[in-house]
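Accompanying notes for the structure given below.
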Amino acid sequence: MQTEPIFRLTTLFVLVAAASLSVSFRHRAEREGGAMRSGEGQWLVVILRLLGLIVLAPLFAYLINPGWVAWARLDLPQWLRWLAAAVALGLLPILHWILASIGNNISPTQATRRNHQLVSHGPYRWVRHPHYSAGTLLLLALTLITGLWWLAAAMLPPLLILLWRTPIEEARLVETFGDDYRAYMHHTGRFWPRFSRFS
């Protein structure tokens, strides 16, 4: 059986679904969430989006014609690609849950919105930045589905920028919510749950 077309269709579906969710929730937040408190971090958003294009360009080429990116592909076992496809599809409802939980508080930069609320329900009950974690897992799953080592290599710079930006983002949240956010930080993990705190 020819499995490559199935992997390509799965990749296309996951990309379209994830992008649709992100655009929909972000558009609603721009409409209903209130203005940003500052323009801080706008230049970083531009850099991250440009890096995102570099990450995704070979992925789009793979969708059109896998032969165009044969130089950037690994010969991975079929079972691993199927497992990655299942993980990617399973992450879509989790991504919806994350975005629905943060609602109108989502912002493109580390600045907060004027009407920003402290979100501590849904996945935010355990993790302060589940959106970053889910996005990273989704890109890793797409790397394995497509066999494009380029995805894993090219996403390192954006990930490093996000790792650098996250403490700044949390400092802005402390400025906004004070001790409430400090207490929230104490019992949640930044990117992954603090399993040792569950008893």
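Every chain in the structure tokens has a letter given in the order shown (A, B, ...), and although residue numbers restart at 1 in each chain, ligands are simply numbered from 1 in the order shown.
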
Next item on the list: Can you pull out every residue within 12 Å of Thr143 (chain A), counting only C-alpha atoms, but drop anything in the same chain fewer than 5 positions away, and send it as an MDAnalysis selection string?
Entry: chainID A and resid 7:8 11 55:56 58:59 62 72:76 80:81 83:85 87:88 136:138 148:155

Notebook entry, point to check: When DSSP works through the backbone of this structure, what residues of region 31-198 of chain A end up as helix (DSSP H, G or I), shown as a VMD selection string?
Noted result: chain A and resid 31 to 32 42 to 64 66 to 72 78 to 105 122 to 125 130 to 146 149 to 154 156 to 177 179 to 187 195 to 197

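You will find CA of Leu173 (chain A) at 22.8 Å from CA of His96 (chain A).
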
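If you look at CA of Arg172 (chain A) and CA of Gly122 (chain A), they are 21.7 Å away from each other.
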